[in-house]
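*Asks:* Input file: structure-v9.cif. Contents: mmCIF, C-alpha atoms and all ligand atoms.
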```
data_data
loop_
_atom_site.label_atom_id
_atom_site.label_comp_id
_atom_site.auth_asym_id
_atom_site.auth_seq_id
_atom_site.Cartn_x
_atom_site.Cartn_y
_atom_site.Cartn_z
CA MET A 1 107.22 118.80 126.89
CA ASP A 2 106.88 122.57 127.18
CA ALA A 3 107.53 123.09 123.47
CA HIS A 4 104.83 120.56 122.65
CA GLU A 5 102.39 122.17 125.05
CA LYS A 6 103.02 125.54 123.45
CA ILE A 7 102.35 124.14 119.99
CA LEU A 8 99.15 122.50 121.17
CA LEU A 9 97.87 125.51 123.06
CA ASP A 10 98.98 128.49 121.03
CA GLN A 11 99.13 127.38 117.46
CA ARG A 12 96.84 124.43 116.92
CA ALA A 13 94.08 123.58 119.36
CA LEU A 14 92.72 127.12 119.61
CA ASP A 15 91.98 127.14 115.88
CA CYS A 16 89.00 124.82 116.46
CA VAL A 17 85.73 126.80 116.57
CA HIS A 18 83.72 123.70 117.62
CA CYS A 19 81.47 123.90 114.55
CA GLY A 20 81.12 120.11 114.33
CA LEU A 21 81.49 119.94 110.53
CA CYS A 22 84.11 117.24 111.00
CA LEU A 23 81.83 114.87 112.91
CA PRO A 24 80.03 113.24 109.96
CA VAL A 25 83.30 112.41 108.18
CA CYS A 26 85.04 110.92 111.22
CA PRO A 27 84.99 107.11 110.94
CA THR A 28 85.31 106.53 114.71
CA TYR A 29 82.50 109.00 115.49
CA ARG A 30 80.31 107.33 112.89
CA LEU A 31 81.01 103.92 114.41
CA THR A 32 80.27 104.95 117.99
CA GLY A 33 78.13 108.12 117.88
CA ASN A 34 80.25 109.25 120.81
CA GLU A 35 81.41 112.90 120.95
CA ALA A 36 84.61 111.83 122.72
CA ALA A 37 85.46 109.69 119.66
CA SER A 38 85.07 112.70 117.33
CA PRO A 39 87.75 115.19 116.18
CA ARG A 40 86.14 117.91 118.32
CA GLY A 41 86.07 115.65 121.37
CA ARG A 42 89.69 114.65 120.84
CA ILE A 43 90.74 118.29 120.54
CA TYR A 44 89.13 118.98 123.94
CA LEU A 45 91.08 116.02 125.32
CA MET A 46 94.39 117.10 123.78
CA ARG A 47 93.94 120.62 125.17
CA ALA A 48 93.07 119.24 128.59
CA PHE A 49 96.35 117.25 128.61
CA ALA A 50 98.37 120.21 127.36
CA GLU A 51 96.82 122.63 129.86
CA LYS A 52 97.36 120.06 132.64
CA ARG A 53 93.63 120.05 133.50
CA MET A 54 93.77 116.27 132.98
CA GLU A 55 96.60 113.77 133.30
CA PRO A 56 97.18 111.17 130.59
CA ALA A 57 96.14 107.95 132.33
CA VAL A 58 95.07 104.47 131.29
CA ASP A 59 91.40 105.47 131.39
CA THR A 60 91.85 108.84 129.64
CA ILE A 61 94.11 107.97 126.68
CA GLY A 62 91.65 105.58 124.99
CA GLU A 63 90.47 108.10 122.39
CA VAL A 64 94.05 109.12 121.63
CA ASP A 65 94.79 105.50 120.74
CA LYS A 66 91.52 104.93 118.88
CA CYS A 67 92.01 107.85 116.46
CA LEU A 68 92.98 106.56 113.01
CA VAL A 69 94.88 109.78 112.21
CA CYS A 70 93.12 109.43 108.85
CA ARG A 71 92.87 113.24 108.70
CA ALA A 72 89.42 113.20 107.05
CA CYS A 73 88.58 115.88 109.64
CA GLU A 74 91.28 118.17 108.21
CA THR A 75 89.78 118.01 104.71
CA VAL A 76 86.45 119.47 105.85
CA CYS A 77 87.62 121.75 108.67
CA PRO A 78 86.88 125.42 107.83
CA SER A 79 89.44 126.61 110.42
CA GLY A 80 92.34 124.65 108.98
CA VAL A 81 92.94 122.70 112.19
CA GLN A 82 96.08 120.62 111.75
CA PHE A 83 94.70 117.58 113.48
CA GLY A 84 97.32 115.05 112.32
CA GLU A 85 100.18 117.09 113.71
CA MET A 86 98.37 117.67 117.02
CA MET A 87 97.64 113.99 117.42
CA GLU A 88 101.23 112.96 116.64
CA LEU A 89 102.53 115.42 119.24
CA THR A 90 99.96 114.27 121.79
CA ARG A 91 100.87 110.63 121.25
CA ASP A 92 104.53 111.51 121.71
CA LEU A 93 103.61 113.20 125.03
CA VAL A 94 101.51 110.23 126.15
CA GLU A 95 104.31 107.77 125.38
CA ALA A 96 106.53 109.57 127.87
CA THR A 97 104.01 109.24 130.75
CA PRO A 98 103.22 106.26 132.99
CA ALA A 99 99.84 106.07 131.19
CA ARG A 100 101.53 103.89 128.59
CA GLY A 101 102.43 100.60 130.20
CA GLY A 102 106.11 99.74 130.27
CA PHE A 103 105.62 96.56 128.24
CA ALA A 104 103.67 98.27 125.43
CA ARG A 105 106.26 101.04 125.24
CA ARG A 106 109.13 98.55 125.11
CA VAL A 107 107.53 96.53 122.31
CA LYS A 108 106.90 99.65 120.23
CA ARG A 109 110.39 100.98 120.80
CA LEU A 110 111.89 97.62 119.93
CA PHE A 111 110.02 97.59 116.62
CA PHE A 112 110.52 101.26 115.73
CA ARG A 113 114.13 101.63 116.89
CA HIS A 114 115.65 98.18 116.47
CA VAL A 115 113.70 96.52 113.63
CA LEU A 116 112.52 99.17 111.14
CA PRO A 117 115.96 100.78 110.66
CA HIS A 118 117.43 97.41 109.58
CA PRO A 119 116.10 95.94 106.30
CA ALA A 120 117.49 92.49 107.20
CA ARG A 121 115.50 92.42 110.47
CA VAL A 122 112.31 93.51 108.70
CA ARG A 123 112.93 90.62 106.31
CA TRP A 124 113.32 88.15 109.19
CA LEU A 125 110.10 89.37 110.74
CA ALA A 126 108.28 88.92 107.42
CA LEU A 127 109.76 85.42 107.08
CA LEU A 128 108.59 84.48 110.57
CA LEU A 129 105.08 85.68 109.78
CA ARG A 130 105.13 83.74 106.51
CA PHE A 131 106.27 80.62 108.36
CA TYR A 132 103.46 81.05 110.90
CA ARG A 133 100.87 81.54 108.15
CA GLU A 134 101.98 78.90 105.63
CA SER A 135 103.59 76.13 107.71
CA GLY A 136 100.32 74.84 109.18
CA LEU A 137 101.05 76.36 112.60
CA ARG A 138 98.35 78.97 112.18
CA PHE A 139 95.85 76.36 110.96
CA LEU A 140 96.67 74.15 113.94
CA LEU A 141 96.32 76.95 116.49
CA GLN A 142 92.98 77.95 114.97
CA LYS A 143 91.68 74.38 114.65
CA LEU A 144 92.54 73.48 118.24
CA GLY A 145 91.27 76.82 119.55
CA LEU A 146 94.72 77.49 121.04
CA ILE A 147 94.87 80.93 119.44
CA GLU A 148 92.17 81.99 121.93
CA LEU A 149 94.64 81.47 124.78
CA PHE A 150 96.43 84.59 123.52
CA GLY A 151 93.34 86.77 124.06
CA ALA A 152 90.42 88.11 122.01
CA LYS A 153 92.49 90.86 120.40
CA THR A 154 95.03 88.34 119.09
CA VAL A 155 92.24 86.27 117.52
CA LEU A 156 91.09 89.38 115.63
CA ARG A 157 94.66 90.35 114.67
CA ASP A 158 95.14 86.86 113.32
CA ARG A 159 92.09 87.28 111.08
CA LEU A 160 93.74 90.36 109.54
CA LEU A 161 97.15 88.76 108.95
CA PRO A 162 97.93 89.26 105.25
CA ALA A 163 99.50 86.74 102.90
CA ILE A 164 103.29 87.21 102.85
CA PRO A 165 105.01 86.66 99.48
CA PRO A 166 107.78 84.06 99.21
CA LEU A 167 111.39 85.20 99.51
CA ALA A 168 111.97 84.62 95.78
CA GLU A 169 109.54 87.45 94.92
CA ARG A 170 111.39 90.00 97.02
CA VAL A 171 114.05 90.93 94.50
CA GLU A 172 116.09 94.05 95.33
CA PRO A 173 115.36 96.75 92.74
CA PRO A 174 118.46 97.79 90.78
CA GLU A 175 120.27 100.85 92.04
CA ARG A 176 119.55 102.51 88.68
CA THR A 177 116.86 101.59 86.18
CA ALA A 178 117.33 103.12 82.74
CA ALA A 179 114.59 105.11 81.06
CA LEU A 180 112.82 103.55 78.09
CA GLY A 181 111.98 105.50 74.97
CA GLN A 182 112.48 109.26 74.95
CA PRO A 183 114.42 110.21 78.15
CA ARG A 184 112.58 112.79 80.28
CA GLY A 185 114.80 112.98 83.37
CA GLU A 186 115.94 111.08 86.45
CA VAL A 187 114.11 110.56 89.72
CA GLY A 188 114.86 109.02 93.12
CA PHE A 189 112.42 106.36 94.31
CA LEU A 190 111.66 105.23 97.86
CA VAL A 191 111.52 101.43 98.02
CA GLY A 192 110.47 101.48 101.69
CA CYS A 193 110.76 98.89 104.44
CA VAL A 194 107.49 97.01 104.89
CA ALA A 195 106.32 97.57 101.29
CA HIS A 196 109.42 95.87 99.92
CA GLU A 197 108.83 92.75 102.02
CA LEU A 198 105.06 92.47 101.75
CA LEU A 199 104.21 94.04 98.37
CA PRO A 200 107.29 93.82 96.16
CA GLY A 201 105.11 93.74 93.03
CA ALA A 202 103.82 97.27 93.69
CA ASN A 203 107.38 98.65 93.92
CA ARG A 204 108.50 96.77 90.82
CA ALA A 205 105.54 98.13 88.85
CA SER A 206 106.05 101.69 90.15
CA ILE A 207 109.64 101.65 88.90
CA ALA A 208 108.72 99.97 85.59
CA VAL A 209 105.99 102.54 84.85
CA LEU A 210 108.35 105.43 85.62
CA ALA A 211 110.90 103.91 83.23
CA GLU A 212 108.20 103.34 80.61
CA ASN A 213 107.45 107.06 80.91
CA GLY A 214 111.04 108.03 80.13
CA PHE A 215 112.39 108.47 83.66
CA ALA A 216 115.58 106.84 84.88
CA VAL A 217 114.97 105.63 88.45
CA ARG A 218 117.54 105.68 91.24
CA CYS A 219 116.89 103.60 94.39
CA PRO A 220 119.24 104.04 97.39
CA THR A 221 120.80 100.66 98.16
CA SER A 222 120.52 101.23 101.93
CA ARG A 223 116.71 101.03 101.47
CA PRO A 224 115.84 103.42 104.31
CA CYS A 225 112.55 103.47 106.21
CA CYS A 226 110.95 106.95 106.05
CA GLY A 227 109.77 106.94 109.69
CA ALA A 228 106.03 107.26 108.95
CA LEU A 229 105.02 104.48 111.35
CA PRO A 230 106.84 105.78 114.46
CA SER A 231 105.69 109.30 113.64
CA HIS A 232 102.08 108.08 113.46
CA PHE A 233 102.37 106.14 116.72
CA GLY A 234 104.08 108.67 118.96
CA ASP A 235 107.80 107.93 118.78
CA LEU A 236 109.02 111.14 117.20
CA GLU A 237 112.62 110.50 118.23
CA ALA A 238 112.65 107.25 116.22
CA ALA A 239 110.84 109.02 113.35
CA ARG A 240 113.52 111.75 113.24
CA SER A 241 116.33 109.22 113.28
CA LEU A 242 114.80 107.32 110.32
CA ALA A 243 114.04 110.57 108.50
CA ARG A 244 117.71 111.63 108.80
CA GLN A 245 118.78 108.30 107.27
CA THR A 246 116.30 108.78 104.42
CA ILE A 247 117.47 112.34 103.68
CA GLU A 248 121.09 111.18 103.70
CA ALA A 249 120.36 108.17 101.49
CA PHE A 250 118.94 110.36 98.72
CA GLY A 251 121.63 113.03 99.16
CA GLU A 252 121.49 116.68 98.15
CA GLY A 253 120.23 117.47 94.67
CA SER A 254 117.23 118.77 92.85
CA ASP A 255 115.85 115.61 91.25
CA PRO A 256 112.37 114.64 92.48
CA VAL A 257 112.03 111.89 95.09
CA VAL A 258 109.02 109.89 93.94
CA VAL A 259 107.02 107.86 96.47
CA SER A 260 104.29 105.37 95.57
CA SER A 261 103.23 104.67 99.16
CA ALA A 262 100.77 107.35 100.32
CA GLY A 263 101.68 107.05 104.01
CA CYS A 264 105.42 107.37 103.35
CA GLY A 265 104.97 110.24 100.90
CA SER A 266 102.81 112.13 103.36
CA ALA A 267 105.38 111.73 106.16
CA MET A 268 108.28 112.73 103.88
CA LYS A 269 106.50 115.85 102.63
CA GLU A 270 106.21 116.85 106.31
CA TYR A 271 109.89 116.46 107.25
CA GLY A 272 110.16 120.25 107.47
CA ARG A 273 107.68 120.21 110.34
CA LEU A 274 109.33 117.17 111.96
CA PHE A 275 112.63 119.07 112.24
CA ALA A 276 111.17 122.55 112.81
CA HIS A 277 112.86 122.79 116.24
CA ASP A 278 116.18 121.26 115.17
CA PRO A 279 118.50 124.06 113.98
CA GLN A 280 120.95 121.54 112.52
CA TRP A 281 118.45 119.78 110.29
CA ALA A 282 115.54 122.21 109.80
CA GLU A 283 116.73 123.74 106.51
CA ARG A 284 117.99 120.49 105.02
CA ALA A 285 114.73 118.71 105.91
CA LYS A 286 112.68 121.50 104.33
CA ARG A 287 114.75 121.35 101.13
CA PHE A 288 114.36 117.58 100.97
CA ALA A 289 110.60 117.70 101.64
CA ALA A 290 110.18 120.09 98.71
CA ARG A 291 111.59 117.39 96.39
CA VAL A 292 109.14 114.70 97.53
CA VAL A 293 106.31 113.96 95.13
CA ASP A 294 103.65 111.30 95.09
CA TRP A 295 103.97 108.78 92.24
CA ASN A 296 100.43 109.44 90.90
CA GLU A 297 100.82 113.18 91.25
CA PHE A 298 104.16 113.07 89.40
CA LEU A 299 102.99 111.05 86.40
CA ALA A 300 99.69 112.92 86.05
CA ALA A 301 101.57 116.24 86.08
CA LYS A 302 104.22 115.09 83.59
CA GLY A 303 101.70 113.59 81.17
CA LEU A 304 101.39 109.83 80.98
CA VAL A 305 102.73 107.91 77.99
CA ALA A 306 99.45 106.42 76.85
CA PRO A 307 99.13 102.75 77.82
CA GLN A 308 97.94 100.74 74.81
CA GLY A 309 97.00 97.34 76.21
CA ARG A 310 93.25 96.92 76.59
CA LEU A 311 92.01 95.61 79.96
CA ASP A 312 88.24 95.28 80.01
CA LEU A 313 87.68 95.71 83.73
CA LYS A 314 85.37 97.46 86.17
CA VAL A 315 87.77 99.00 88.68
CA ALA A 316 86.97 100.39 92.14
CA TYR A 317 89.58 102.84 93.45
CA SER A 318 89.76 102.95 97.24
CA GLU A 319 91.44 106.22 98.21
CA PRO A 320 94.18 106.00 100.86
CA CYS A 321 93.55 108.59 103.60
CA HIS A 322 97.16 109.75 103.40
CA LEU A 323 96.71 110.50 99.71
CA ALA A 324 93.17 111.95 99.72
CA HIS A 325 93.29 113.82 103.04
CA ALA A 326 96.91 114.28 104.12
CA GLN A 327 98.23 115.09 100.61
CA ARG A 328 94.88 116.18 99.06
CA ILE A 329 95.51 114.09 95.95
CA SER A 330 92.38 112.52 94.57
CA ALA A 331 92.07 113.25 90.86
CA ALA A 332 95.58 112.13 89.78
CA PRO A 333 95.28 108.36 90.42
CA LYS A 334 91.81 108.33 88.86
CA SER A 335 93.12 110.09 85.75
CA LEU A 336 95.91 107.50 85.41
CA LEU A 337 93.44 104.63 85.72
CA ALA A 338 91.03 106.25 83.27
CA ALA A 339 93.85 106.40 80.69
CA ILE A 340 93.93 102.58 80.50
CA PRO A 341 91.90 101.40 77.49
CA GLY A 342 88.89 99.36 78.55
CA VAL A 343 89.00 100.31 82.24
CA THR A 344 85.76 101.64 83.72
CA LEU A 345 86.05 103.30 87.12
CA VAL A 346 83.10 102.34 89.28
CA PRO A 347 82.36 104.89 92.02
CA PHE A 348 81.26 103.67 95.45
CA SER A 349 80.19 105.48 98.60
CA GLY A 350 82.89 105.68 101.26
CA SER A 351 85.71 105.40 98.70
CA ASP A 352 87.68 108.04 100.66
CA THR A 353 86.82 106.67 104.12
CA CYS A 354 89.47 104.78 106.10
CA CYS A 355 89.53 101.00 105.55
CA GLY A 356 90.84 100.46 109.10
CA ALA A 357 94.48 99.82 108.21
CA ALA A 358 95.76 103.23 109.40
CA GLY A 359 99.41 102.29 109.88
CA LEU A 360 99.35 99.67 112.62
CA TYR A 361 95.74 100.34 113.69
CA ASN A 362 94.80 96.79 112.65
CA VAL A 363 97.34 95.57 115.22
CA THR A 364 96.60 98.06 118.02
CA GLN A 365 92.79 98.31 117.58
CA PRO A 366 91.79 95.15 115.69
CA GLU A 367 88.12 95.31 116.68
CA GLN A 368 87.43 98.78 115.22
CA SER A 369 89.73 97.98 112.31
CA LEU A 370 87.62 94.95 111.38
CA GLN A 371 84.39 96.96 111.72
CA LEU A 372 85.72 99.59 109.32
CA LEU A 373 86.96 96.94 106.92
CA GLY A 374 83.53 95.26 107.03
CA GLN A 375 81.86 98.56 106.10
CA LYS A 376 84.31 99.09 103.25
CA MET A 377 83.61 95.61 101.89
CA GLU A 378 79.84 96.16 101.98
CA GLN A 379 80.29 99.41 100.05
CA LEU A 380 82.56 97.68 97.54
CA LYS A 381 80.09 94.83 97.07
CA GLY A 382 77.54 97.42 95.93
CA ALA A 383 79.91 98.52 93.16
CA ALA A 384 80.60 94.90 92.10
CA PRO A 385 84.10 95.59 90.74
CA ASP A 386 86.30 93.11 88.86
CA LEU A 387 89.30 94.62 90.60
CA ILE A 388 90.10 96.91 93.56
CA VAL A 389 92.91 99.42 93.24
CA THR A 390 94.63 101.54 95.87
CA ALA A 391 97.95 103.34 96.42
CA ASN A 392 99.25 102.59 99.91
CA PRO A 393 100.74 99.35 101.30
CA GLY A 394 98.69 99.33 104.53
CA CYS A 395 95.39 99.79 102.65
CA HIS A 396 96.50 97.29 100.00
CA LEU A 397 97.08 94.54 102.58
CA GLN A 398 93.94 95.38 104.55
CA LEU A 399 91.71 95.41 101.45
CA ARG A 400 93.28 92.17 100.26
CA SER A 401 92.50 90.57 103.59
CA GLY A 402 88.88 91.82 103.45
CA ALA A 403 88.34 90.90 99.80
CA SER A 404 89.56 87.33 100.33
CA ASP A 405 86.47 86.79 102.54
CA ALA A 406 83.90 89.22 101.16
CA LEU A 407 84.74 89.38 97.45
CA PRO A 408 86.49 86.11 96.59
CA GLY A 409 88.34 86.23 93.29
CA VAL A 410 88.56 90.03 93.29
CA GLU A 411 92.22 91.03 93.13
CA VAL A 412 93.65 94.09 94.91
CA LEU A 413 96.40 96.00 93.11
CA HIS A 414 98.38 99.22 93.28
CA VAL A 415 97.54 101.76 90.55
CA ALA A 416 101.04 101.12 89.16
CA GLU A 417 100.44 97.37 88.82
CA LEU A 418 97.37 97.90 86.65
CA LEU A 419 99.16 100.44 84.48
CA GLU A 420 102.11 98.10 84.09
CA ARG A 421 99.76 95.31 82.95
CA SER A 422 98.37 97.60 80.29
CA TYR A 423 101.85 98.61 79.08
CA ARG A 424 102.86 94.93 78.96
CA ALA A 425 99.71 93.93 77.09
CA GLY A 426 100.29 96.80 74.66
CA ALA A 427 103.90 95.77 74.09
CA LYS A 428 102.83 92.19 73.45
CA SER A 429 100.29 93.19 70.86
CA GLY A 430 102.93 95.45 69.30
CA ASP A 431 100.67 98.45 69.63
CA ALA A 432 102.78 100.69 71.88
CA SER A 433 102.71 104.09 70.21
CA GLY A 434 104.42 106.29 72.80
CA ALA A 435 101.78 108.98 72.23
CA LYS A 436 100.92 111.17 75.21
CA ALA A 437 97.51 110.96 76.85
CA SER A 438 95.73 114.27 77.02
S1 LIG A 501 85.53 121.11 111.65
FE1 LIG A 501 87.41 122.03 112.50
S2 LIG A 501 86.71 123.83 113.62
FE2 LIG A 501 84.90 122.55 113.28
S3 LIG A 501 84.77 121.24 115.14
FE3 LIG A 501 85.94 120.09 113.63
S4 LIG A 501 88.08 120.57 114.07
FE4 LIG A 501 86.85 122.15 115.12
S1 LIG A 502 91.91 111.72 112.20
FE1 LIG A 502 90.21 110.45 111.43
S2 LIG A 502 89.61 109.14 113.17
FE2 LIG A 502 90.93 110.79 114.00
S3 LIG A 502 89.47 112.36 114.66
FE3 LIG A 502 90.06 112.91 112.53
S4 LIG A 502 88.51 111.95 111.21
FE4 LIG A 502 88.35 111.00 113.26
#
```
Could I get this file's structure written as structure tokens?

*Replies:*
Amino acid sequence: MDAHEKILLDQRALDCVHCGLCLPVCPTYRLTGNEAASPRGRIYLMRAFAEKRMEPAVDTIGEVDKCLVCRACETVCPSGVQFGEMMELTRDLVEATPARGGFARRVKRLFFRHVLPHPARVRWLALLLRFYRESGLRFLLQKLGLIELFGAKTVLRDRLLPAIPPLAERVEPPERTAALGQPRGEVGFLVGCVAHELLPGANRASIAVLAENGFAVRCPTSRPCCGALPSHFGDLEAARSLARQTIEAFGEGSDPVVVSSAGCGSAMKEYGRLFAHDPQWAERAKRFAARVVDWNEFLAAKGLVAPQGRLDLKVAYSEPCHLAHAQRISAAPKSLLAAIPGVTLVPFSGSDTCCGAAGLYNVTQPEQSLQLLGQKMEQLKGAAPDLIVTANPGCHLQLRSGASDALPGVEVLHVAELLERSYRAGAKSGDASGAKAS
């Protein structure tokens, strides 16, 4: 507790000069117009907790929970306030106080410490959700109004429940995928926990595109979870335990560890900070974090083998917060999409504003999550795309859920899936040239 307080007081919170430049970009401030729901207001609150001027209590932790940790405030902050780190530390402090009800804490710990570390349990959970969604049980509960017995928040959560792919689609990626064409090196690839169960197509395409670009891809068979979710939601002990498993799974070495999920990549690049006070792991974590590279960033930097298949599509790219703000990567995915023949990128306002997924925000704060998703859909409707593209599993599922109501027939894909379609179309037409895009 003291170490956290010191970090909050001495190194982070005092950087804020209260200029207010972050207010217009903060989605929760824009929704409510309430200073307490702004980055500046939350910094006051975090300092008050750290300085013990205020106790975390049920009626004072609301704005800690309602923050998306989207880090849009960091992008515009002239003082370099590290808001994401402060909020993660504050949430970790709050979890240890009576302000967090025993039941809520137990459920979170159960999920973060006893489900996420075990791929088989994540699979069972996904299967249960699929059974609920597809067996008619959900339809029955909705039709008879029985879902309302579980409370208003559950009704909203139910609206956001994504489609879960059948078991047959969740094929384990091979431990090693060979490079195609001219070999350019070998990379590690994070398959992830939730992404593998809910969006296996995005992983498959990410690996296929790397191979198409001449990179052999190695996937650890233990399929570790990177710890992004517990880190985001204030269980730093669980996050560290998962991070250790991830570091061990990839082993020592100098080959890049490529990550196509923005939230996971952002957390893995910050392992050095996560273990800063652990003398046993600090150096190893820092070395590992230096190897982590976002999938878009990696391919854009290496030079993409030009995709040849023409896809005449208007594409809207919705930027994941953990790519645009946490990793400051915005141009790379757009350059990859622009390399696809026939693709026109259609800009839309709010493309880098949170869609309301924010890790498990759609579970913990479904009302605000739906409001943010509604705004995103209105902005997307203005752009009238044929297809929506993103680069993070949470955003992918959230946008898919929104589009099924607001933009019927408009598919949501990962950047990698669209690129893979172009490579496949090119191969079919026998046009693949292997030339590099400029
Ligand atoms: S932009 Fe930065 S310095 Fe200004 S109020 Fe926001 S957090 Fe504080
Ligand atoms: S992280 Fe996002 S929601 Fe939280 S204060 Fe910053 S801009 Fe607002």

*Asks:* Just the residues within 8 Å of stretch 287-293 of chain A, please, counting all atoms listed in the file, with nothing from its chain fewer than 4 positions along; format it as a compact mmCIF listing (two decimals) with C-alpha atoms, keeping the file's coordinate frame.

*Replies:*
```txt
# COMPACT_ATOMS: atom_id res chain seq x y z
CA ILE A 247 117.47 112.34 103.68
CA GLU A 252 121.49 116.68 98.15
CA SER A 254 117.23 118.77 92.85
CA ASP A 255 115.85 115.61 91.25
CA PRO A 256 112.37 114.64 92.48
CA VAL A 257 112.03 111.89 95.09
CA VAL A 258 109.02 109.89 93.94
CA VAL A 259 107.02 107.86 96.47
CA GLY A 265 104.97 110.24 100.90
CA MET A 268 108.28 112.73 103.88
CA LYS A 269 106.50 115.85 102.63
CA GLU A 270 106.21 116.85 106.31
CA TYR A 271 109.89 116.46 107.25
CA GLY A 272 110.16 120.25 107.47
CA GLU A 283 116.73 123.74 106.51
CA GLU A 297 100.82 113.18 91.25
CA PHE A 298 104.16 113.07 89.40
```

*Asks:* Do a neighbour search on stretch 379-391 of chain A at 7 Å with only C-alpha atoms, toss out local chain neighbours closer than 2 positions, and write the hits as an MDAnalysis selection string.

*Replies:* chainID A and resid 260:262 313:320 346:350 375:377 393 396 410:415

*Asks:* For ligand LIG 502 (chain A), which residue out of A:Asp92, A:Glu186, A:Asp15, A:Asp352 is the nearest one, using only C-alpha atoms and all ligand atoms?

*Replies:*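 Of A:Asp92, A:Glu186, A:Asp15, A:Asp352, the one nearest ligand LIG 502 (chain A) is A:Asp352, counting only C-alpha atoms and all ligand atoms.
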
*Asks:* Around ligand LIG 502 (chain A), which protein and nucleic acid residues have at least one atom no more than 7 Å from it, if we count only C-alpha atoms and all ligand atoms? List them as a list in words.

*Replies:*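 Residues lying within 7 Å of ligand LIG 502 (chain A): Cys22, Val25, Cys26, Pro27, Thr28, Tyr29, Ala37, Ser38, Pro39, Arg42, Cys67, Leu68, Val69, Cys70, Arg71, Ala72, Cys73, Glu74, Phe83 and Gly84 of chain A.
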
*Asks:* Write out as a list in words each polymer residue whose atoms come within 8 Å of A:Ala211, counting only C-alpha atoms; drop sequence neighbours fewer than 2 positions from it.

*Replies:*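 Answer for this query is Thr177, Ala178, Ala179, Leu180, Ile207, Ala208, Val209, Asn213, Gly214, Phe215, Ala216 and Val217 of chain A.
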
*Asks:* Need the shell around A:Glu417: protein/DNA/RNA residues with any atom at most 9 Å away, counting only C-alpha atoms. Skip same-chain ones fewer than 5 positions apart. Format as an mmCIF file with C-alpha atoms, keeping the file's coordinate frame?

*Replies:*
```cif
data_model
loop_
_atom_site.group_PDB
_atom_site.id
_atom_site.type_symbol
_atom_site.label_atom_id
_atom_site.label_comp_id
_atom_site.auth_asym_id
_atom_site.auth_seq_id
_atom_site.Cartn_x
_atom_site.Cartn_y
_atom_site.Cartn_z
ATOM 1 C CA GLY A 201 105.110 93.740 93.030
ATOM 2 C CA ALA A 202 103.820 97.270 93.690
ATOM 3 C CA ASN A 203 107.380 98.650 93.920
ATOM 4 C CA ARG A 204 108.500 96.770 90.820
ATOM 5 C CA ALA A 205 105.540 98.130 88.850
ATOM 6 C CA SER A 206 106.050 101.690 90.150
ATOM 7 C CA VAL A 209 105.990 102.540 84.850
ATOM 8 C CA VAL A 389 92.910 99.420 93.240
ATOM 9 C CA SER A 422 98.370 97.600 80.290
#
```

*Asks:* List as an NGL selection string the protein and nucleic acid residues lying within 8 Å of ligand LIG 501 (chain A), with only C-alpha atoms and all ligand atoms counted.

*Replies:* :A and (15-23 or 39-40 or 43 or 73-74 or 76-81 or 83)

*Asks:* Name the closest residue to A:Gly101 among the candidates A:Leu116, A:Met86, A:Ala57, A:Leu210; distances are taken between atoms, counting all atoms listed in the file.

*Replies:* A:Ala57

*Asks:* Set out as a Markdown table a contact list for stretch 187-229 of chain A and stretch 154-167 of chain A with a cut-off of 10 Å, giving each residue of stretch 187-229 of chain A that qualifies its closest atom pair and distance in Å to one decimal, counting all atoms listed in the file, ordered by chain and rising residue number.

*Replies:*
```
| residue | atom | partner | partner_atom | distance |
| --- | --- | --- | --- | --- |
| A:Glu197 | CA | A:Pro165 | CA | 7.6 |
| A:Leu198 | CA | A:Ile164 | CA | 5.7 |
| A:Leu199 | CA | A:Pro165 | CA | 7.5 |
| A:Pro200 | CA | A:Pro165 | CA | 8.2 |
| A:Gly201 | CA | A:Pro165 | CA | 9.6 |
```

*Asks:* Given 6 Å of margin on each side, can you work out the centre and size in Å (one decimal) of an axis-aligned box holding every listed atom of stretch 70-77 of chain A, as lines of an AutoDock Vina configuration file?

*Replies:*
```
center_x = 89.8
center_y = 115.6
center_z = 107.2
size_x = 18.7
size_y = 24.3
size_z = 16.9
```
